[in-house]
Structure formats: structure tokens, C-alpha cells
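Engineer: Next up, final-v1.csv (CSV, C-alpha atoms and all ligand atoms).
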chain,number,residue,atom,x,y,z
N,1,MET,CA,0.0,0.0,0.0
N,2,PRO,CA,2.9,2.4,-0.3
N,3,LEU,CA,1.7,5.8,-1.5
N,4,GLY,CA,2.8,7.6,-4.6
N,5,ASP,CA,3.1,11.4,-4.9
N,6,ASP,CA,-0.6,11.7,-5.8
N,7,GLY,CA,-1.6,9.8,-2.7
N,8,GLU,CA,-2.6,6.8,-4.7
N,9,VAL,CA,-1.3,3.3,-3.8
N,10,SER,CA,1.9,2.4,-5.6
N,11,ALA,CA,4.0,-0.7,-5.2
N,12,SER,CA,7.3,1.0,-5.8
N,13,ALA,CA,6.9,4.2,-3.7
N,14,PRO,CA,8.4,4.2,-0.1
N,15,LEU,CA,6.2,3.4,2.9
N,16,PRO,CA,4.1,6.4,3.8
N,17,PRO,CA,5.0,8.7,6.7
N,18,ALA,CA,2.8,8.6,9.8
N,19,ALA,CA,0.4,11.4,8.8
N,20,GLU,CA,-0.6,9.7,5.6
N,21,LYS,CA,-0.4,6.2,7.0
N,22,ALA,CA,-3.5,6.2,9.1
N,23,ARG,CA,-5.7,7.3,6.3
N,24,ALA,CA,-4.1,5.0,3.7
N,25,VAL,CA,-4.4,2.0,6.0
N,26,GLU,CA,-8.1,2.7,6.7
N,27,GLU,CA,-8.8,3.0,2.9
N,28,MET,CA,-6.8,-0.1,2.1
N,29,PHE,CA,-8.7,-2.3,4.7
N,30,ASP,CA,-12.0,-0.9,3.4
N,31,ARG,CA,-11.0,-2.1,-0.1
N,32,ILE,CA,-9.8,-5.6,0.9
N,33,ALA,CA,-12.5,-6.3,3.5
N,34,PRO,CA,-14.7,-8.5,1.2
N,35,ARG,CA,-11.9,-11.1,0.6
N,36,TYR,CA,-9.9,-10.4,3.7
N,37,GLU,CA,-10.5,-13.7,5.5
N,38,LEU,CA,-10.2,-15.8,2.4
N,39,MET,CA,-6.8,-14.2,1.5
N,40,ASN,CA,-5.5,-14.8,5.1
N,41,HIS,CA,-6.3,-18.5,4.9
N,42,LEU,CA,-4.8,-18.9,1.4
N,43,MET,CA,-1.7,-16.9,2.3
N,44,THR,CA,-1.0,-19.0,5.4
N,45,GLY,CA,-2.4,-22.3,4.4
N,46,GLY,CA,-4.9,-21.9,7.2
N,47,LEU,CA,-2.2,-21.5,9.8
N,48,ASP,CA,-3.5,-18.1,10.8
N,49,ILE,CA,-6.4,-19.9,12.5
N,50,LEU,CA,-3.9,-21.9,14.7
N,51,TRP,CA,-1.9,-18.7,15.5
N,52,ARG,CA,-5.0,-16.9,16.7
N,53,ARG,CA,-6.0,-19.9,18.7
N,54,ARG,CA,-2.6,-20.1,20.4
N,55,ALA,CA,-2.8,-16.3,21.2
N,56,VAL,CA,-6.1,-16.8,22.9
N,57,ARG,CA,-4.9,-19.9,24.8
N,58,GLU,CA,-2.0,-17.8,26.1
N,59,LEU,CA,-4.4,-15.4,27.8
N,60,ARG,CA,-5.2,-17.8,30.6
N,61,LEU,CA,-8.0,-15.7,32.0
N,62,ALA,CA,-11.1,-16.9,33.9
N,63,PRO,CA,-14.1,-18.0,31.8
N,64,GLY,CA,-16.4,-15.1,31.1
N,65,SER,CA,-13.5,-12.5,31.2
N,66,LEU,CA,-14.0,-9.5,29.1
N,67,VAL,CA,-11.3,-9.0,26.4
N,68,VAL,CA,-10.9,-6.1,24.0
N,69,ASP,CA,-9.6,-7.1,20.6
N,70,LEU,CA,-7.7,-4.1,19.1
N,71,ALA,CA,-8.0,-3.7,15.3
N,72,CYS,CA,-10.4,-6.6,15.2
N,73,GLY,CA,-10.9,-6.5,11.4
N,74,THR,CA,-13.7,-8.9,10.6
N,75,GLY,CA,-13.6,-10.5,14.1
N,76,ASP,CA,-11.6,-13.7,13.7
N,77,LEU,CA,-10.0,-13.2,17.1
N,78,CYS,CA,-13.3,-12.2,18.7
N,79,ARG,CA,-14.8,-15.5,17.5
N,80,GLU,CA,-11.8,-17.4,18.9
N,81,LEU,CA,-12.2,-15.6,22.2
N,82,GLY,CA,-15.9,-16.7,22.2
N,83,ARG,CA,-14.9,-20.3,21.6
N,84,HIS,CA,-12.6,-20.1,24.7
N,85,GLY,CA,-15.5,-18.8,26.8
N,86,TYR,CA,-14.5,-15.1,26.9
N,87,ARG,CA,-16.7,-12.1,26.1
N,88,SER,CA,-15.2,-9.6,23.7
N,89,ILE,CA,-15.4,-6.1,22.4
N,90,GLY,CA,-13.9,-5.5,18.9
N,91,VAL,CA,-12.4,-2.1,18.0
N,92,ASP,CA,-11.4,-1.1,14.4
N,93,SER,CA,-11.1,2.0,12.3
N,94,SER,CA,-12.2,0.5,9.0
N,95,ALA,CA,-16.0,0.7,8.3
N,96,GLY,CA,-15.6,-1.9,5.6
N,97,MET,CA,-14.0,-4.5,8.0
N,98,LEU,CA,-16.5,-3.7,10.7
N,99,ALA,CA,-19.4,-4.2,8.3
N,100,ARG,CA,-18.4,-7.8,8.0
N,101,ALA,CA,-17.3,-8.3,11.6
N,102,ARG,CA,-19.0,-10.9,13.7
N,103,GLY,CA,-18.4,-12.6,17.0
N,104,ALA,CA,-18.1,-9.9,19.6
N,105,GLU,CA,-20.6,-8.5,22.2
N,106,ARG,CA,-19.9,-5.1,20.8
N,107,PHE,CA,-18.0,-3.6,17.9
N,108,LEU,CA,-16.7,0.0,18.1
N,109,ARG,CA,-15.4,2.1,15.3
N,110,ALA,CA,-12.4,3.9,16.8
N,111,ASP,CA,-8.7,4.4,16.6
N,112,ILE,CA,-6.9,1.9,18.8
N,113,LEU,CA,-4.5,4.7,19.8
N,114,ASP,CA,-7.4,6.4,21.6
N,115,LEU,CA,-9.7,3.6,22.8
N,116,PRO,CA,-13.2,4.6,23.8
N,117,LEU,CA,-13.0,2.5,27.0
N,118,GLU,CA,-12.6,3.3,30.7
N,119,THR,CA,-9.3,2.8,32.5
N,120,ALA,CA,-8.9,-0.8,33.9
N,121,SER,CA,-12.3,-1.7,32.4
N,122,VAL,CA,-11.3,-5.0,30.7
N,123,ASP,CA,-9.6,-8.2,31.8
N,124,GLY,CA,-7.4,-8.6,28.8
N,125,ALA,CA,-6.5,-7.4,25.3
N,126,THR,CA,-5.6,-9.1,22.1
N,127,SER,CA,-4.5,-7.8,18.7
N,128,GLY,CA,-3.8,-9.7,15.5
N,129,PHE,CA,-1.6,-8.5,12.7
N,130,ALA,CA,-2.3,-4.8,13.5
N,131,LEU,CA,0.8,-3.4,15.2
N,132,ARG,CA,2.7,-2.7,12.1
N,133,ASN,CA,-0.3,-0.7,10.7
N,134,VAL,CA,-0.4,1.8,13.5
N,135,THR,CA,1.5,5.1,13.5
N,136,ASP,CA,2.7,4.9,17.2
N,137,ILE,CA,3.4,1.5,18.7
N,138,PRO,CA,4.4,2.8,22.2
N,139,ARG,CA,1.1,4.7,22.4
N,140,CYS,CA,-0.8,1.5,21.3
N,141,ALA,CA,0.9,-0.4,24.1
N,142,ALA,CA,0.1,2.4,26.6
N,143,GLU,CA,-3.6,2.3,25.6
N,144,MET,CA,-3.6,-1.4,26.2
N,145,ALA,CA,-2.0,-0.8,29.6
N,146,ARG,CA,-4.6,1.8,30.4
N,147,VAL,CA,-7.7,-0.2,29.7
N,148,VAL,CA,-6.5,-3.6,31.0
N,149,ARG,CA,-7.0,-4.0,34.7
N,150,PRO,CA,-4.0,-4.8,37.0
N,151,GLY,CA,-3.3,-8.5,36.7
N,152,GLY,CA,-5.0,-8.7,33.3
N,153,ARG,CA,-3.4,-10.3,30.3
N,154,ILE,CA,-2.5,-9.4,26.7
N,155,ALA,CA,-1.7,-11.5,23.6
N,156,VAL,CA,-0.5,-9.7,20.5
N,157,ILE,CA,0.4,-11.4,17.2
N,158,ASP,CA,2.1,-9.9,14.2
N,159,LEU,CA,4.6,-10.9,11.5
N,160,ALA,CA,8.2,-11.3,12.8
N,161,GLU,CA,11.3,-9.7,11.2
N,162,ALA,CA,12.9,-11.9,8.6
N,163,ARG,CA,15.7,-14.2,10.0
N,164,PRO,CA,18.0,-16.5,7.9
N,165,VAL,CA,15.6,-19.4,8.2
N,166,THR,CA,12.6,-17.3,7.1
N,167,ARG,CA,14.3,-15.2,4.5
N,168,TRP,CA,13.5,-17.7,1.7
N,169,ILE,CA,9.8,-17.9,2.7
N,170,ARG,CA,9.7,-14.1,2.7
N,171,SER,CA,11.4,-13.6,-0.6
N,172,THR,CA,9.5,-16.2,-2.5
N,173,TRP,CA,6.0,-16.8,-1.0
N,174,VAL,CA,5.4,-13.5,0.7
N,175,GLU,CA,7.0,-11.1,-1.8
N,176,ARG,CA,6.2,-12.9,-5.0
N,177,VAL,CA,3.3,-15.3,-4.7
N,178,VAL,CA,1.1,-13.4,-2.2
N,179,PRO,CA,0.9,-10.1,-4.3
N,180,ARG,CA,-0.1,-12.2,-7.3
N,181,LEU,CA,-2.8,-14.0,-5.3
N,182,GLY,CA,-3.9,-10.6,-4.0
N,183,ALA,CA,-4.1,-9.1,-7.5
N,184,LEU,CA,-6.1,-12.1,-8.6
N,185,LEU,CA,-8.6,-12.2,-5.7
N,186,SER,CA,-8.4,-8.9,-4.0
N,187,ASP,CA,-5.9,-6.0,-4.4
N,188,GLY,CA,-2.3,-6.5,-5.5
N,189,ASP,CA,-1.0,-3.3,-4.0
N,190,ALA,CA,-2.4,-4.0,-0.6
N,191,TYR,CA,-0.8,-7.5,-0.6
N,192,ARG,CA,2.5,-5.9,-1.8
N,193,TYR,CA,2.3,-3.7,1.3
N,194,LEU,CA,2.2,-6.7,3.5
N,195,PRO,CA,5.9,-7.7,3.5
N,196,ALA,CA,7.0,-4.0,3.2
N,197,SER,CA,5.0,-3.0,6.3
N,198,THR,CA,7.1,-5.2,8.7
N,199,ALA,CA,9.7,-2.4,8.3
N,200,TYR,CA,7.5,-0.4,10.7
N,201,LEU,CA,7.9,-3.0,13.4
N,202,PRO,CA,10.8,-2.6,15.9
N,203,GLN,CA,13.1,-5.7,16.4
N,204,GLY,CA,12.0,-8.3,18.9
N,205,GLU,CA,13.8,-7.0,22.0
N,206,GLN,CA,12.8,-3.4,21.4
N,207,LEU,CA,9.2,-4.5,21.0
N,208,LEU,CA,9.3,-6.4,24.3
N,209,ALA,CA,10.9,-3.3,26.0
N,210,THR,CA,8.1,-1.1,24.6
N,211,PHE,CA,5.4,-3.3,26.3
N,212,ARG,CA,7.4,-3.5,29.6
N,213,ALA,CA,7.7,0.3,29.6
N,214,ALA,CA,4.0,0.6,29.0
N,215,GLY,CA,3.3,-1.3,32.2
N,216,PHE,CA,3.4,-5.0,31.5
N,217,ARG,CA,5.5,-7.6,33.3
N,218,ASN,CA,6.5,-11.2,32.3
N,219,VAL,CA,6.5,-10.0,28.7
N,220,ARG,CA,7.6,-12.9,26.5
N,221,ARG,CA,7.8,-13.4,22.7
N,222,LEU,CA,7.0,-16.8,21.2
N,223,LEU,CA,7.9,-17.4,17.6
N,224,LEU,CA,5.3,-19.4,15.5
N,225,GLY,CA,5.1,-20.6,11.9
N,226,LEU,CA,8.9,-21.3,11.6
N,227,GLY,CA,9.6,-17.9,13.1
N,228,THR,CA,7.5,-15.9,10.5
N,229,VAL,CA,5.1,-14.8,13.2
N,230,GLN,CA,5.6,-13.5,16.7
N,231,LEU,CA,3.2,-13.7,19.7
N,232,LEU,CA,3.8,-11.3,22.6
N,233,VAL,CA,2.2,-12.1,25.9
N,234,GLY,CA,2.3,-10.3,29.2
N,235,THR,CA,0.5,-9.4,32.4
N,236,ARG,CA,-0.6,-5.9,33.4
N,237,ASP,CA,1.5,-4.8,36.3
N,238,ARG,CA,-0.3,-4.2,39.6
N,239,SER,CA,1.6,-1.0,40.3
S,301,LIG,C1,-4.3,-7.1,9.1
S,301,LIG,S1,-5.8,-6.6,9.8
S,301,LIG,C2,-6.0,-7.6,11.2
S,301,LIG,C3,-7.5,-7.9,11.5
S,301,LIG,C4,-7.7,-9.0,12.6
S,301,LIG,N1,-7.1,-8.5,13.8
S,301,LIG,C5,-7.1,-10.3,12.2
S,301,LIG,O1,-6.4,-10.9,13.1
S,301,LIG,O2,-7.3,-10.8,11.1
S,301,LIG,C6,-5.4,-5.0,10.5
S,301,LIG,C7,-6.6,-4.3,11.0
S,301,LIG,O3,-6.2,-3.2,11.8
S,301,LIG,C8,-7.1,-2.1,11.6
S,301,LIG,N2,-6.4,-0.9,12.0
S,301,LIG,C9,-5.2,-0.4,11.5
S,301,LIG,N3,-4.8,0.7,12.2
S,301,LIG,C10,-5.8,1.0,13.1
S,301,LIG,C11,-6.0,2.0,14.0
S,301,LIG,N4,-5.2,3.0,14.3
S,301,LIG,N5,-7.2,1.9,14.8
S,301,LIG,C12,-8.1,0.9,14.6
S,301,LIG,N6,-7.9,-0.1,13.7
S,301,LIG,C13,-6.8,0.0,13.0
S,301,LIG,C14,-7.4,-2.2,10.1
S,301,LIG,O4,-8.6,-1.5,9.8
S,301,LIG,C15,-7.5,-3.7,10.0
S,301,LIG,O5,-8.9,-4.2,10.2
Mind turning the file's structure into C-alpha cells?
Structural biologist:
Amino acid sequence: MPLGDDGEVSASAPLPPAAEKARAVEEMFDRIAPRYELMNHLMTGGLDILWRRRAVRELRLAPGSLVVDLACGTGDLCRELGRHGYRSIGVDSSAGMLARARGAERFLRADILDLPLETASVDGATSGFALRNVTDIPRCAAEMARVVRPGGRIAVIDLAEARPVTRWIRSTWVERVVPRLGALLSDGDAYRYLPASTAYLPQGEQLLATFRAAGFRNVRRLLLGLGTVQLLVGTRDRS
């Protein structure tokens, strides 16, 4: 989804600066919403379902706990939360994604950097494949820390930075095959943005440090899918 000079999506232009990014991300997800879930399953061979399941399992909260899913998209994580006996609130900025969303008690259209929720009002927070789309990751972590009660839990999944073992997968499947699949079934530019957007993510240790600084303890990073995906889990500090 990199933007060209005219503000249109262009595969060759650099990633957009923060001011343009929020608008461009919202428009992109509005466009790809109709085939979003299908593309996820095709791109990952269905593994995205297992990754979300693992994220929800790592929450380890009491049945009936209330969990906010940040950048919920069409609600995959909300439905997984429901299958584990949790209640959920889904928050997303894209009207197109929310129009197709199902599985939460409530869906709210809002910026996850400014959550319309009271302080310490939920038991946990999840987020799937959204961090690299926001303009300010420390602020996103701080918003999670604000709304999750002390002792509550978070589980955050996103792509991981390429390592030697994953470089081949990245350079063949993710950078060549996925954009073609996207062009065929959805939007090629959006699915070219996918590998490029990991450049917005800080490296693993720095990401852990961001969540610790925001007020989480026991923050751990688990690598899934041969290291192509990272899952961050942590507990909201009591202090
Ligand atoms: C890759 S999709 C992930 C959807 C879902 N979490 C999943 O696991 O499939 C990223 C989502 O983040 C949303 N998003 C990006 N930036 C956002 C922001 N600042 N506030 C709210 N939603 C945002 C997009 O609209 C999109 O639905």
C-alpha cells in the first residue's frame, strides 16, 4: 500500500509517513475487506487460525472474562475468544472491515491509539496483525495498559522480522506469490504492502521493551510458523 506522490497506492513508492499512513491503512482495509479472511487463509495455508487460537490460549483468564480485541478486522480473534468462553469487544477504524465483523458482544469504530474504553475496564486485550499498521506503537501499548485491569493479560500477534531461516519464505512466497494471489482475488498493491509493512515493526527485544515500559510484566515473545510470526504475551502490572 505504499503511497505515490498523488496519494494513490503504488508498489514502488516508499512506505508512507505517519500522517498519511492512518488514512491510507483505513482505505486499504475498506477495499480488501470482502476477501480479507479468504486471503488470510490462502496466504498462510490456514495457519492463521492456529496462530490466533494459540494467542487466545496464552491469555489464561477466567471463563467469562472481558477482552478487547484491538484492530479486530472482521472479528476472527473475537470469535476465537468466544470459543474459549471469553466475552469480547472489537475495535477497528475500518468501516468496511466492521461491516463484515461478527463474534463480539460489541464492535466499536475507533482508533486503537485512543480507545473509547474506561481505564482498567477489561480483563485482557488481544491484537492480531495490526501493530505494524499503527503510527505509534508505544502509544498503542500504553492504551492497552490503560484499559486492561492490573493482573489482566495481553496477547499480541504480528509478523516477525525476517531471519535467515525465514528469508526464503519471505522472498518467494510473501513477496512474489502473495501479491499475485492478492491481485487475482483482492488488491495486489495491498498485498505488496504486507511484506513491506514489517519495516514499521521494531526488532523483537525493542518491542518487548516497549510493552514493559507501558506497564506489562512477564512479557515474552513466542515465535510461531517457523519464526515468521511473533506472539507477545504479558501481564498488566499491579503498580
Ligand atoms: C491485518 S488486519 C487484522 C485484522 C484482525 N485482527 C485479524 O487478526 O485478522 C489489521 C486491522 O487493523 C485495523 N487498523 C489499523 N490501524 C488501526 C487503528 N489505528 N485503529 C483501529 N484499527 C486499525 C485495520 O482496519 C484492519 O482491520
Engineer: Would you mind listing what lies within 10 Å of Arg87 in chain N as a list of chain:residue names, with all atoms listed in the file counted and same-chain residues fewer than 2 positions away left out?
Structural biologist: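 Neighbouring residues, sequence-local ones excluded: N:Pro63, N:Gly64, N:Ser65, N:Leu66, N:Val67, N:Val68, N:Cys78, N:Arg79, N:Leu81, N:Gly82, N:Arg83, N:His84, N:Gly85, N:Ile89, N:Gly103, N:Ala104, N:Glu105, N:Arg106, N:Asp123.
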Engineer: Which chains and residue numbers are within 8 Å of ligand LIG 301 (chain S), counting all atoms listed in the file, if I want them as a ChimeraX atom specification?
Structural biologist: /N:22,25-26,29-30,33,36-37,40,52,69-77,91-95,97-98,109-113,127-131,133-135,157
Engineer: To one decimal in Å, tell me the separation between CA of Ala199 in chain N and CA of Ala155 in chain N.
Structural biologist: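 Distance between the two atoms: 21.1 Å.
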Engineer: Can you tell me how far CA of Leu184 in chain N sits from CA of Ala101 in chain N, in Å to one decimal?
Structural biologist: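 Computed distance, CA of Leu184 in chain N to CA of Ala101 in chain N, equals 23.4 Å.
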Engineer: I'd like to know which of N:Asp114, N:Gly234, N:Gly215, N:Ala196 is closest to Asp136 in chain N, using all atoms listed in the file.
Structural biologist: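 Among N:Asp114, N:Gly234, N:Gly215, N:Ala196, it is N:Asp114 that comes nearest to Asp136 in chain N.
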Engineer: With only C-alpha atoms as the atoms that count, which of N:Pro150, N:Pro195, N:Gly124, N:Gly227 lies nearest to Arg176 in chain N?
Structural biologist: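 Checking each candidate against Arg176 in chain N, we get N:Pro195 as the closest.
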Engineer: Using Å and a single decimal, report how far CA of Pro179 in chain N sits from CA of Leu194 in chain N.
Structural biologist: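 Those two atoms sit 8.6 Å apart.
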Engineer: Smallest atom-to-atom distance to Arg57 in chain N: which of N:Val233, N:Leu224, N:Leu42, N:Ala162, using all atoms listed in the file?
Structural biologist: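 Closest residue, counting all atoms listed in the file: N:Val233.
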Engineer: Skipping near chain neighbours, those fewer than 5 positions away, what residues fall within 9 Å of Leu223 in chain N using all atoms listed in the file, listed as number ranges by chain?
Structural biologist: N: 160, 228-232
Engineer: Tell me which protein, DNA and RNA residues are within 12 Å of Asn218 in chain N, counting all atoms listed in the file, leaving out same-chain ones fewer than 3 positions away, and put them as a list in words.
Structural biologist: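 Once the adjacent positions are removed, what remains is Gly151, Gly152, Arg153, Ile154, Ala155, Leu208, Ala209, Phe211, Arg212, Ala213, Gly215, Arg221, Leu232, Val233, Gly234, Thr235, Arg236 and Asp237 of chain N.
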Engineer: If you count only C-alpha atoms, which residues fall within 12 Å of Arg163 in chain N, apart from same-chain ones fewer than 2 positions away, as a ChimeraX atom specification?
Structural biologist: /N:159-161,165-171,203-204,223,226-229
Engineer: Let me see the file: selected residues, C-alpha atoms, as a PDB file, in the coordinates of the input.
Structural biologist:
ATOM      1  CA  LEU N 159       4.600 -10.900  11.500  1.00  0.00           C
ATOM      2  CA  ALA N 160       8.200 -11.300  12.800  1.00  0.00           C
ATOM      3  CA  GLU N 161      11.300  -9.700  11.200  1.00  0.00           C
ATOM      4  CA  VAL N 165      15.600 -19.400   8.200  1.00  0.00           C
ATOM      5  CA  THR N 166      12.600 -17.300   7.100  1.00  0.00           C
ATOM      6  CA  ARG N 167      14.300 -15.200   4.500  1.00  0.00           C
ATOM      7  CA  TRP N 168      13.500 -17.700   1.700  1.00  0.00           C
ATOM      8  CA  ILE N 169       9.800 -17.900   2.700  1.00  0.00           C
ATOM      9  CA  ARG N 170       9.700 -14.100   2.700  1.00  0.00           C
ATOM     10  CA  SER N 171      11.400 -13.600  -0.600  1.00  0.00           C
ATOM     11  CA  GLN N 203      13.100  -5.700  16.400  1.00  0.00           C
ATOM     12  CA  GLY N 204      12.000  -8.300  18.900  1.00  0.00           C
ATOM     13  CA  LEU N 223       7.900 -17.400  17.600  1.00  0.00           C
ATOM     14  CA  LEU N 226       8.900 -21.300  11.600  1.00  0.00           C
ATOM     15  CA  GLY N 227       9.600 -17.900  13.100  1.00  0.00           C
ATOM     16  CA  THR N 228       7.500 -15.900  10.500  1.00  0.00           C
ATOM     17  CA  VAL N 229       5.100 -14.800  13.200  1.00  0.00           C
TER      18      VAL N 229
END
Engineer: Which of these residues is nearest to Arg31 in chain N, using only C-alpha atoms: N:Val177, N:Ser121, N:Val156, N:Gly96?
Structural biologist: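 That would be N:Gly96, the residue with the smallest distance to Arg31 in chain N.
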Engineer: Which one is closest to Arg180 in chain N: N:Pro34, N:Met43, N:Thr210, N:Met28? Count only C-alpha atoms.
Structural biologist: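 Looking at the shortest contact to Arg180 in chain N, the residue is N:Met43.
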Engineer: With all atoms listed in the file as the atoms that count, which of N:Val147, N:Leu50, N:Met39, N:Tyr86 lies nearest to Ala62 in chain N?
Structural biologist: N:Tyr86
Engineer: Which polymer residues have any atom within 8 Å of an atom of Val178 in chain N, counting only C-alpha atoms, with same-chain residues fewer than 5 positions away left out, as an MDAnalysis selection string?
Structural biologist: chainID N and resid 43 173 191:192
